[in-house]
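First the structure, in the form of structure tokens, and then the observations on it.
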Amino acid sequence: MGRPGVTDMGSLSIRNVVKRYGNVTILKSIDLEVRDGEFVILVGPSGCGKSTLLNMIAGLDTVSEGEIAIGGRVVNNLPPKDRDIAMVFQSYALYPTMNVRDNILFGLRIRKSSPQQMEEALARVAKTLQMEHLLDRKPSQLSGGQRQRVAMGRALARDPALFLFDEPLSNLDAKLRVDMRTEIKLLHERVKTTIVYVTHDQIEAMTLGDRIVVMKEGEVRQVGTPQEVYDDPADLFVAGFIGSPSMNFIRCTVESRGGRLGVALHDGGGSFFMPAPPSIGGLGERVGQEVILGIRPEQITDKDPYAGANPHSIEQAARIEVVQPTGPDTLVLIHLNGTPVTCRVHPGANPKAGQSMGLTFDLSKLVFFDPSTEKRIR
Amino acid sequence: MNTAAPVPRRSALDAVEAALPKIVLGPTLLVSLVFVYGFIAWTAILSFTKSRLLPNYEFVGFYQYVTLFENERWWVALKNLCVFGGLFIFFCLATGLILAILLDQKIRAEGWLRSIYLYPMALSFIVTGTAWKWILNPGLGIERLVQQAGFPGFTFDWLVNPQMSVYTVVIAGVWQSSGFVMALFLAGLRGIDDSVIKAAQVDGASMPRIYWSIIIPTLRPVFFSAVMILAHIAIKSFDLVMALTGGGPGFSSDMPATFMYAFGFTRNQIGLGAASAMMMLMTVVAVIVPMMYAEVRRNRRG
Amino acid sequence: MADFVRADSAGGGRALGRIVVYGLLILVALYYLMPLFVMLTTSIKTLEEIRAGNLIALPGTVTFEAWAKAWGSVCTGADCSGLKNNFWSSVSFVLPAVVISTLIGAFNGYVLTLWRFKGSDLLFTTMLVGCFIPFQVVLLPMAQTLGWLGLANTTSGLVFVHVVYGLAFTTLFFRNFYVSVPEEMVKAARIDGAGFFTIFWRIILPLSPPIIVVCVIWQFTQIWNDFLFGVVFSGGDRQPITVALNNLVNTSTGVKEYNVDMAAAIIAALPTLFVYIVAGKYFVRGLTAGSVKG
């Protein structure tokens, strides 16, 4: 099959793609451009349509409307085998009756590759994934991590234009998952093939992707680099979904004090004013109205030695309700406006439940959301 | 990227490939529609005609059904089905459950015993009938055995006694099928979560109590499928009766299945045979549908 | 599972309990074995000994005359060539029927689980009804149809009938087995470039020996042991062995030769008994799997 222009052979365009089952719309007009060599993550809660979208890219599911192009070629009507793709599945989907070698070479055999081609592919894959010693084993004789690697090897063997990963790490235990994450990232560095990777795990999304596509209920909520999505979430859902522990959301009322816009907060006892970054112009027209304040746990810390140098911070004491040490940090739970709020403090601060503690609020990254539309107020 | 690339048409080969699953399933569906649904409808039509030796599509309404229920032999068959079905199901369940519980006591030769209890299921009902016909032979069978053992006055003539002949079918039927019920119950017992029993033991319940209040109630689904299968066997039972008693003496051990065969095939009363076959189908429906319904509803609730 | 005997108060009570349990189990085992024992001993006795002795007495003189006669020369109706023709007749329709129904069932199960399409679940339910119906309700139309097709009283006719009414069961077996095969495996193979049949032959079939054995044994036992279709749809020396056995045993003319009857019964039972002995595990699995059908 001819690949047009070397530079975009691994590009993927999704244009106005809609998926319907009967009357139910699973995907509502998805648009996405993926550059050749890019590592893109589709992330979202279960049922958001991310796997359906991946299956449609693979050709395992039909497209109701719109078009999908791989390497500039519209593939809507092409069966999976003609799309120049490879896919890694959550259950690995290894062929249980074949040994590792045959699993890896199955696709090449079906395509009637020459023995020499197969030999080369096998050597390359085995070397890339360091599994020369596993080739004669059956899948049942492999550990979870090894199976995962064979599944990737099977995908690598054909050297496709596009890799699709469908929650490949979900069946692994926590420790192995972290290791495999690194391996996948290294793999991408080495082969530089476009990857579209589906996961529900936001940590995987953050650590692996060049870009993240956050989806919910069949819609793309935000596309951006991991840092953009983390620092500059488009709406309440993205803000809450990305980041762990997740962002604190506090309902509060916009006030104007001493010429600055901000919100009023109380911790059960006294109340205090939290000024908003001046860049958020949208608050001006909402004085007196309720908004949702978003503040990440690491923006509420114990007294920072550099606090004096940061004009965008305030200090405020609050009563500690629960203390959860995680090792590097200690999570502290306080209440603001009746909402539990998680703060991330240094373990050396030695917080105690029931005591009051002085906390520093970093105001530079505060975000605000409209309570009804859940969109960012900018 | 934005130049509109031509959308490749789906090739004819791909279209065939896509339709393959349906093509493969097609023949079976056709067979099922014609030879199950179609034939049931056909039998239903026959049962409303006055067909005798040959099918004759002159409709006579419910004439055959009226004839059927005026036929003393049909009533005997129905009564026998009730007696046989009730006893057969009861004894199979009882034997099967007791054997399964006994076998579940960490028995050393369990595999052997299980194989012995179950081998009758591999036999044809005709073989079973032949064997029991000989064992129950009034002159030379069990009767002679007991007489020789010191009870000269003993008589055991159920096989030729019109009052008792249907019970011989029960004896042979239970011998053949109870091992199967045992296997079902044993599988059910092995599937019970051990921790439930341990919890009950910790609570101080005695083992018989645990069996009665915890284990047997959790076997409900097994009871359900066992009763369904046994009822099914009972309603369809034909071979065993034919081999053991031939429906006799006279027609004292007739069942609906033997009745249907006699009238539909040997006595050239196709219309009546079709009517009796429809009644059998309705009996199966009447037994299975409410049970399935009850089970499904219970599962939804619980 | 716990055992209640062990849980009973220790010592003597426990030992006594074990003895009672074993005693009961062995007694019942003897009861189940008794008919087989009686059949075997009767078949190797002389008719005089049968008339003089009793059921469970061991044979004084062992003779295989009854077996020879049952196999080669006993009369069933007008035909006096023994059961051998019927035995081979059974073999000749059972084997093709088993192979064909299993193969189609495997394909059906494969489609119904791994290539599901809109309405395929409904189709499965539709087919499943075939497991429930009493076959009496299709006998009359089938007799007529076989006549029209020229298949009445032929081996092909019996193969056809057994395949048609076995499909629901074989489909059910394979469907329930393939339900546990991850659909992702088929997706992976499709992306690897394999098509419908390639996936079946290269990936799915190599997974299937256990269910093939279960299905073959089930079908073999069912079809070999069948009497209803045999008695209705066959005639003459093409009759299956079950029908011939029944004719033999229920012939009321002449001297009743019980030893020949028993030898004939064992001959009819041997193939399925043999299968049970060598593959009992799979036989039981088929029974319990079939029980899902109710």
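Please note that chains go A, B, ... in the order of the structure tokens, that every chain numbers its residues from 1, and that ligands are numbered from 1 in the order shown.
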
_I'd like the contact shell of Ile300 of chain A - 9 Å cut-off, only C-alpha atoms, skipping same-chain residues fewer than 6 positions apart - returned as a PyMOL selection string._
chain A and resi 342-345+359-362

Could you write those residues out with N, CA and C atoms, as a short mmCIF file (atom, residue, chain, number, x, y, z; two decimals), in the first residue's frame?
```
data_model
loop_
_atom_site.label_atom_id
_atom_site.label_comp_id
_atom_site.auth_asym_id
_atom_site.auth_seq_id
_atom_site.Cartn_x
_atom_site.Cartn_y
_atom_site.Cartn_z
N THR A 342 -8.75 19.73 50.86
CA THR A 342 -7.50 19.03 51.10
C THR A 342 -6.33 19.99 50.88
N CYS A 343 -5.36 19.96 51.80
CA CYS A 343 -4.18 20.80 51.67
C CYS A 343 -2.97 19.87 51.72
N ARG A 344 -1.90 20.30 51.05
CA ARG A 344 -0.71 19.47 50.98
C ARG A 344 0.40 20.18 51.73
N VAL A 345 0.78 19.64 52.90
CA VAL A 345 1.77 20.34 53.71
C VAL A 345 3.01 19.48 53.87
N LEU A 359 -1.87 28.36 57.39
CA LEU A 359 -1.69 27.84 56.04
C LEU A 359 -1.44 28.99 55.07
N THR A 360 -0.65 28.69 54.01
CA THR A 360 -0.40 29.68 52.97
C THR A 360 -1.20 29.31 51.73
N PHE A 361 -2.00 30.21 51.24
CA PHE A 361 -2.79 29.98 50.04
C PHE A 361 -2.11 30.69 48.87
N ASP A 362 -1.67 29.90 47.87
CA ASP A 362 -1.08 30.48 46.67
C ASP A 362 -2.22 30.91 45.74
#
```

Distance table requested - chain C against chain B, cut-off 7 Å, only C-alpha atoms: one row per qualifying residue with the closest atom pair and its distance in Å to one decimal, ordered by chain and rising residue number, as CSV.
```
residue,atom,partner,partner_atom,distance
C:Met1,CA,B:Asp194,CA,5.9
C:Asp3,CA,B:Gln105,CA,4.9
C:Phe4,CA,B:Met207,CA,4.9
C:Ala7,CA,B:Met207,CA,6.9
C:Val21,CA,B:Leu102,CA,6.4
C:Ala29,CA,B:Ile116,CA,6.2
C:Tyr32,CA,B:Tyr117,CA,6.2
C:Leu33,CA,B:Ile116,CA,7.0
C:Pro35,CA,B:Ala131,CA,6.2
C:Met39,CA,B:Ala131,CA,6.4
C:Arg51,CA,B:Leu140,CA,6.9
C:Asn54,CA,B:Leu145,CA,5.7
C:Leu55,CA,B:Gly141,CA,5.9
C:Asn108,CA,B:Leu25,CA,5.8
C:Val111,CA,B:Pro21,CA,5.6
C:Trp115,CA,B:Pro21,CA,6.3
C:Met127,CA,B:Ser32,CA,5.9
C:Gly130,CA,B:Val36,CA,6.3
C:Ile133,CA,B:Leu281,CA,6.5
C:Pro134,CA,B:Lys236,CA,5.9
C:Gln136,CA,B:Ala277,CA,5.6
C:Val137,CA,B:Ala277,CA,4.9
C:Val138,CA,B:Phe39,CA,5.4
C:Leu140,CA,B:Thr43,CA,6.9
C:Pro141,CA,B:Phe39,CA,5.9
C:Val164,CA,B:Val31,CA,6.7
C:Thr221,CA,B:Ala122,CA,6.6
C:Asn225,CA,B:Ser124,CA,4.5
C:Phe227,CA,B:Asp239,CA,6.1
C:Leu228,CA,B:Asp239,CA,6.9
C:Thr242,CA,B:Ile126,CA,6.3
C:Asn246,CA,B:Ala243,CA,5.8
C:Val249,CA,B:Thr130,CA,6.9
C:Ala265,CA,B:Val127,CA,5.3
C:Ala269,CA,B:Leu123,CA,5.8
C:Thr272,CA,B:Ala122,CA,5.8
C:Leu273,CA,B:Ala122,CA,6.1
C:Tyr276,CA,B:Ala122,CA,6.5
C:Thr288,CA,B:Leu184,CA,6.4
C:Ser291,CA,B:Ser225,CA,6.5
C:Gly294,CA,B:Ile229,CA,5.2
```

Mind writing the picked residues with C-alpha atoms as a tab-separated table (two decimals), in the first residue's frame?
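Printed below is out-v9.tsv as written:
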```tsv
chain	number	residue	atom	x	y	z
C	1	MET	CA	-16.91	-28.14	51.93
C	3	ASP	CA	-18.04	-32.57	56.59
C	4	PHE	CA	-20.53	-33.00	59.32
C	7	ALA	CA	-17.64	-31.96	63.10
C	21	VAL	CA	-21.61	-43.07	55.28
C	29	ALA	CA	-23.28	-48.42	44.34
C	32	TYR	CA	-26.60	-49.21	40.53
C	33	LEU	CA	-24.28	-51.98	39.40
C	35	PRO	CA	-28.60	-54.48	36.51
C	39	MET	CA	-27.24	-58.51	32.26
C	51	ARG	CA	-34.82	-71.21	34.18
C	54	ASN	CA	-31.95	-67.10	40.00
C	55	LEU	CA	-31.03	-63.60	38.88
C	108	ASN	CA	-22.79	-21.02	15.14
C	111	VAL	CA	-20.68	-16.26	15.32
C	115	TRP	CA	-19.13	-11.91	15.68
C	127	MET	CA	-32.74	-21.49	17.99
C	130	GLY	CA	-35.27	-26.48	19.66
C	133	ILE	CA	-39.76	-28.99	22.37
C	134	PRO	CA	-40.96	-32.56	22.75
C	136	GLN	CA	-43.42	-35.71	19.07
C	137	VAL	CA	-44.62	-32.34	17.87
C	138	VAL	CA	-42.47	-32.51	14.72
C	140	LEU	CA	-45.73	-36.18	11.59
C	141	PRO	CA	-44.56	-33.30	9.37
C	164	VAL	CA	-31.49	-30.74	12.41
C	221	THR	CA	-24.59	-40.66	23.20
C	225	ASN	CA	-29.27	-44.06	22.16
C	227	PHE	CA	-35.17	-44.61	19.73
C	228	LEU	CA	-37.94	-42.20	18.76
C	242	THR	CA	-32.04	-49.53	19.66
C	246	ASN	CA	-36.68	-53.32	21.26
C	249	VAL	CA	-37.10	-58.09	23.34
C	265	ALA	CA	-28.75	-55.21	25.21
C	269	ALA	CA	-24.91	-50.37	25.15
C	272	THR	CA	-21.73	-45.51	24.74
C	273	LEU	CA	-20.45	-47.39	27.78
C	276	TYR	CA	-18.27	-43.23	29.18
C	288	THR	CA	-24.10	-30.42	33.39
C	291	SER	CA	-28.47	-28.60	32.01
C	294	GLY	CA	-33.22	-26.76	31.35
```

*Find the distance between atom CA of Lys365 of chain A and atom CA of Arg378 of chain A and write it in Å to one decimal.*
12.0 Å

*Define the interface residues of chain A facing chain B as those within 12 Å, counting only C-alpha atoms, and report them as a PyMOL selection string.*
chain A and resi 4-5+7-15+33-36+59-62+66-83

*Please provide the set of residues having any atom within 12 Å of Val179 of chain C, restricted to only C-alpha atoms, with same-chain residues fewer than 6 positions apart removed, written as a PyMOL selection string.*
chain C and resi 109-116+171-173+204

Could you build a table of the residues in chain A lying no more than 8 Å from chain C, giving for each the nearest pair of atoms and their separation in Å rounded to one decimal place, using only C-alpha atoms, ordered by chain and ascending residue number, as JSON lines?
```
{"residue": "A:Ala58", "atom": "CA", "partner": "C:Ile191", "partner_atom": "CA", "distance": 7.5}
{"residue": "A:Leu60", "atom": "CA", "partner": "C:Lys187", "partner_atom": "CA", "distance": 6.9}
{"residue": "A:Pro80", "atom": "CA", "partner": "C:Ile191", "partner_atom": "CA", "distance": 5.1}
{"residue": "A:Lys81", "atom": "CA", "partner": "C:Gly193", "partner_atom": "CA", "distance": 4.4}
{"residue": "A:Asp82", "atom": "CA", "partner": "C:Gly193", "partner_atom": "CA", "distance": 7.7}
{"residue": "A:Ile85", "atom": "CA", "partner": "C:Ile191", "partner_atom": "CA", "distance": 7.2}
{"residue": "A:Ala86", "atom": "CA", "partner": "C:Ile191", "partner_atom": "CA", "distance": 6.4}
{"residue": "A:Met87", "atom": "CA", "partner": "C:Ala188", "partner_atom": "CA", "distance": 6.8}
{"residue": "A:Val88", "atom": "CA", "partner": "C:Ala188", "partner_atom": "CA", "distance": 7.7}
{"residue": "A:Phe89", "atom": "CA", "partner": "C:Glu184", "partner_atom": "CA", "distance": 6.7}
{"residue": "A:Ser91", "atom": "CA", "partner": "C:Glu184", "partner_atom": "CA", "distance": 7.2}
{"residue": "A:Tyr92", "atom": "CA", "partner": "C:Glu184", "partner_atom": "CA", "distance": 7.9}
{"residue": "A:Ala93", "atom": "CA", "partner": "C:Met185", "partner_atom": "CA", "distance": 4.4}
{"residue": "A:Leu94", "atom": "CA", "partner": "C:Met185", "partner_atom": "CA", "distance": 6.6}
{"residue": "A:Tyr95", "atom": "CA", "partner": "C:Ile203", "partner_atom": "CA", "distance": 6.5}
{"residue": "A:Pro96", "atom": "CA", "partner": "C:Leu207", "partner_atom": "CA", "distance": 7.5}
{"residue": "A:Thr97", "atom": "CA", "partner": "C:Pro206", "partner_atom": "CA", "distance": 6.4}
{"residue": "A:Phe106", "atom": "CA", "partner": "C:Asp192", "partner_atom": "CA", "distance": 7.0}
{"residue": "A:Gly107", "atom": "CA", "partner": "C:Asp192", "partner_atom": "CA", "distance": 4.2}
{"residue": "A:Leu108", "atom": "CA", "partner": "C:Asp192", "partner_atom": "CA", "distance": 7.6}
{"residue": "A:Ile110", "atom": "CA", "partner": "C:Gly193", "partner_atom": "CA", "distance": 6.1}
{"residue": "A:Arg111", "atom": "CA", "partner": "C:Gly193", "partner_atom": "CA", "distance": 6.8}
```

Output for the residues just chosen: N, CA, C and O atoms as a short mmCIF file (atom, residue, chain, number, x, y, z; two decimals), in the first residue's frame:
```cif
data_model
loop_
_atom_site.label_atom_id
_atom_site.label_comp_id
_atom_site.auth_asym_id
_atom_site.auth_seq_id
_atom_site.Cartn_x
_atom_site.Cartn_y
_atom_site.Cartn_z
N ALA A 58 -9.53 2.02 14.58
CA ALA A 58 -8.99 0.73 14.18
C ALA A 58 -9.80 0.08 13.08
O ALA A 58 -9.32 -0.83 12.41
N LEU A 60 -12.70 -1.41 13.84
CA LEU A 60 -13.46 -2.47 14.50
C LEU A 60 -14.89 -2.04 14.74
O LEU A 60 -15.73 -2.83 15.14
N PRO A 80 -9.97 -3.31 9.13
CA PRO A 80 -8.83 -3.05 10.01
C PRO A 80 -7.49 -3.42 9.36
O PRO A 80 -6.52 -2.70 9.51
N LYS A 81 -7.48 -4.53 8.65
CA LYS A 81 -6.20 -5.04 8.16
C LYS A 81 -5.57 -4.11 7.14
O LYS A 81 -4.36 -4.15 6.93
N ASP A 82 -6.39 -3.28 6.49
CA ASP A 82 -5.84 -2.40 5.45
C ASP A 82 -5.55 -1.00 5.96
O ASP A 82 -5.33 -0.08 5.17
N ILE A 85 -2.33 -0.18 10.85
CA ILE A 85 -2.35 0.12 12.28
C ILE A 85 -2.01 -1.15 13.05
O ILE A 85 -2.05 -2.25 12.50
N ALA A 86 -1.68 -0.98 14.32
CA ALA A 86 -1.57 -2.13 15.22
C ALA A 86 -2.18 -1.71 16.54
O ALA A 86 -2.24 -0.52 16.85
N MET A 87 -2.66 -2.69 17.28
CA MET A 87 -3.40 -2.34 18.49
C MET A 87 -2.98 -3.24 19.65
O MET A 87 -2.74 -4.43 19.46
N VAL A 88 -2.91 -2.65 20.82
CA VAL A 88 -2.61 -3.41 22.04
C VAL A 88 -3.83 -3.31 22.94
O VAL A 88 -4.37 -2.23 23.16
N PHE A 89 -4.25 -4.47 23.45
CA PHE A 89 -5.51 -4.51 24.18
C PHE A 89 -5.31 -4.65 25.68
O PHE A 89 -4.28 -5.13 26.15
N SER A 91 -6.78 -6.76 27.68
CA SER A 91 -6.62 -8.16 28.10
C SER A 91 -5.45 -8.81 27.39
O SER A 91 -5.30 -10.01 27.43
N TYR A 92 -4.63 -8.01 26.71
CA TYR A 92 -3.49 -8.45 25.91
C TYR A 92 -3.93 -9.18 24.65
O TYR A 92 -3.33 -9.03 23.60
N ALA A 93 -5.02 -10.01 24.79
CA ALA A 93 -5.55 -10.73 23.63
C ALA A 93 -4.47 -11.52 22.91
O ALA A 93 -4.44 -11.58 21.69
N LEU A 94 -3.58 -12.13 23.67
CA LEU A 94 -2.60 -13.02 23.04
C LEU A 94 -3.32 -14.30 22.60
O LEU A 94 -4.31 -14.69 23.21
N TYR A 95 -2.80 -14.92 21.55
CA TYR A 95 -3.40 -16.18 21.09
C TYR A 95 -2.87 -17.30 21.97
O TYR A 95 -1.69 -17.63 21.91
N PRO A 96 -3.74 -17.89 22.80
CA PRO A 96 -3.24 -18.76 23.87
C PRO A 96 -2.60 -20.06 23.36
O PRO A 96 -1.80 -20.65 24.07
N THR A 97 -2.96 -20.48 22.16
CA THR A 97 -2.40 -21.75 21.69
C THR A 97 -1.07 -21.56 20.97
O THR A 97 -0.44 -22.53 20.60
N PHE A 106 2.24 -13.71 13.81
CA PHE A 106 0.95 -14.08 13.20
C PHE A 106 0.53 -13.11 12.11
O PHE A 106 0.17 -13.50 11.00
N GLY A 107 0.61 -11.82 12.43
CA GLY A 107 0.18 -10.81 11.47
C GLY A 107 1.00 -10.86 10.18
O GLY A 107 0.46 -10.71 9.09
N LEU A 108 2.30 -11.12 10.33
CA LEU A 108 3.15 -11.18 9.14
C LEU A 108 2.84 -12.43 8.32
O LEU A 108 2.85 -12.41 7.10
N ILE A 110 -0.05 -13.97 8.15
CA ILE A 110 -1.32 -13.75 7.45
C ILE A 110 -1.08 -12.93 6.20
O ILE A 110 -1.69 -13.14 5.16
N ARG A 111 -0.16 -11.98 6.32
CA ARG A 111 0.14 -11.12 5.17
C ARG A 111 1.16 -11.74 4.22
O ARG A 111 1.65 -11.07 3.32
#
```

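Atom CA of Leu32 of chain A to atom CA of Leu208 of chain A spans 18.4 Å [interatomic distance, one decimal].
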
Skipping near chain neighbours, those fewer than 2 positions away, what residues fall within 6 Å of segment 248-254 of chain B using only C-alpha atoms, listed as a PDB file with N, CA and C atoms, in the first residue's frame?
```
ATOM      1  N   ALA B  77     -53.245 -42.201  30.017  1.00  0.00           N
ATOM      2  CA  ALA B  77     -51.903 -41.687  29.721  1.00  0.00           C
ATOM      3  C   ALA B  77     -51.604 -40.450  30.558  1.00  0.00           C
ATOM      4  N   VAL B 160     -46.744 -57.096  35.121  1.00  0.00           N
ATOM      5  CA  VAL B 160     -47.929 -57.589  34.399  1.00  0.00           C
ATOM      6  C   VAL B 160     -49.215 -57.214  35.114  1.00  0.00           C
ATOM      7  N   PRO B 162     -51.862 -54.478  35.822  1.00  0.00           N
ATOM      8  CA  PRO B 162     -52.276 -53.175  35.271  1.00  0.00           C
ATOM      9  C   PRO B 162     -52.329 -52.080  36.322  1.00  0.00           C
ATOM     10  N   SER B 165     -48.198 -51.406  36.850  1.00  0.00           N
ATOM     11  CA  SER B 165     -47.177 -51.405  35.802  1.00  0.00           C
ATOM     12  C   SER B 165     -46.467 -50.057  35.675  1.00  0.00           C
ATOM     13  N   VAL B 166     -47.197 -48.958  35.910  1.00  0.00           N
ATOM     14  CA  VAL B 166     -46.563 -47.648  35.744  1.00  0.00           C
ATOM     15  C   VAL B 166     -45.437 -47.447  36.763  1.00  0.00           C
ATOM     16  N   THR B 245     -42.608 -51.889  29.224  1.00  0.00           N
ATOM     17  CA  THR B 245     -43.966 -52.433  29.296  1.00  0.00           C
ATOM     18  C   THR B 245     -44.690 -52.357  27.970  1.00  0.00           C
ATOM     19  N   GLY B 246     -44.135 -51.624  27.022  1.00  0.00           N
ATOM     20  CA  GLY B 246     -44.829 -51.423  25.753  1.00  0.00           C
ATOM     21  C   GLY B 246     -46.155 -50.704  25.955  1.00  0.00           C
TER      22      GLY B 246
END
```

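Excluding Met255 of chain B and any residue on its chain fewer than 5 positions from it, the residues at most 7 Å away by only C-alpha atoms are Ala77, Leu78, Asn80 and Leu81 of chain B.
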
Can I get the selected residues back with C-alpha atoms, as a tab-separated table (two decimals), in the first residue's frame?
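Result written to again-v2.tsv:
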```
chain	number	residue	atom	x	y	z
B	77	ALA	CA	-51.90	-41.69	29.72
B	78	LEU	CA	-52.38	-38.34	31.44
B	80	ASN	CA	-49.81	-42.08	34.31
B	81	LEU	CA	-47.81	-39.03	33.35
```

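Here the question is which of A:Arg124, A:Arg190, A:Lys112, A:Lys50 gets nearest to Leu164 of chain A using only C-alpha atoms, and that residue is A:Lys50.
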
*Do you have the atom CA of Ala121 of chain A-atom CA of Leu13 of chain B distance handy?*
29.1 Å

*asked:* Please list as a ChimeraX atom specification every residue within 7 Å of Arg101 of chain A, counting only C-alpha atoms and excluding residues in the same chain fewer than 2 positions away.
replied: /A:99,103-105,135-136

Those residues with N, CA and C atoms, as an mmCIF file, in the first residue's frame please?
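result01.cif written:
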```
data_model
loop_
_atom_site.group_PDB
_atom_site.id
_atom_site.type_symbol
_atom_site.label_atom_id
_atom_site.label_comp_id
_atom_site.auth_asym_id
_atom_site.auth_seq_id
_atom_site.Cartn_x
_atom_site.Cartn_y
_atom_site.Cartn_z
ATOM 1 N N ASN A 99 2.910 -19.948 20.721
ATOM 2 C CA ASN A 99 3.962 -19.437 21.583
ATOM 3 C C ASN A 99 4.247 -17.977 21.227
ATOM 4 N N ASN A 103 2.885 -15.712 18.137
ATOM 5 C CA ASN A 103 2.015 -14.570 18.415
ATOM 6 C C ASN A 103 2.531 -13.329 17.704
ATOM 7 N N ILE A 104 3.844 -13.122 17.808
ATOM 8 C CA ILE A 104 4.422 -11.912 17.216
ATOM 9 C C ILE A 104 4.356 -11.962 15.700
ATOM 10 N N LEU A 105 4.542 -13.169 15.150
ATOM 11 C CA LEU A 105 4.637 -13.266 13.696
ATOM 12 C C LEU A 105 3.294 -13.518 13.012
ATOM 13 N N LEU A 135 10.741 -16.378 23.696
ATOM 14 C CA LEU A 135 10.083 -16.640 22.412
ATOM 15 C C LEU A 135 9.385 -17.992 22.320
ATOM 16 N N ASP A 136 9.881 -18.982 23.048
ATOM 17 C CA ASP A 136 9.286 -20.309 22.895
ATOM 18 C C ASP A 136 8.204 -20.597 23.931
#
```

*From a DSSP pass on the backbone, collect the residues of segment 105-169 of chain C flagged as alpha helix (DSSP H) and hand them back as a PyMOL selection string.*
chain C and resi 105-114+120-132+136-149+155-169

_Residue nearest Asp210 of chain A among A:Val323, A:Val40, A:Ser170, A:Gly47 (counting only C-alpha atoms)_ = A:Val40
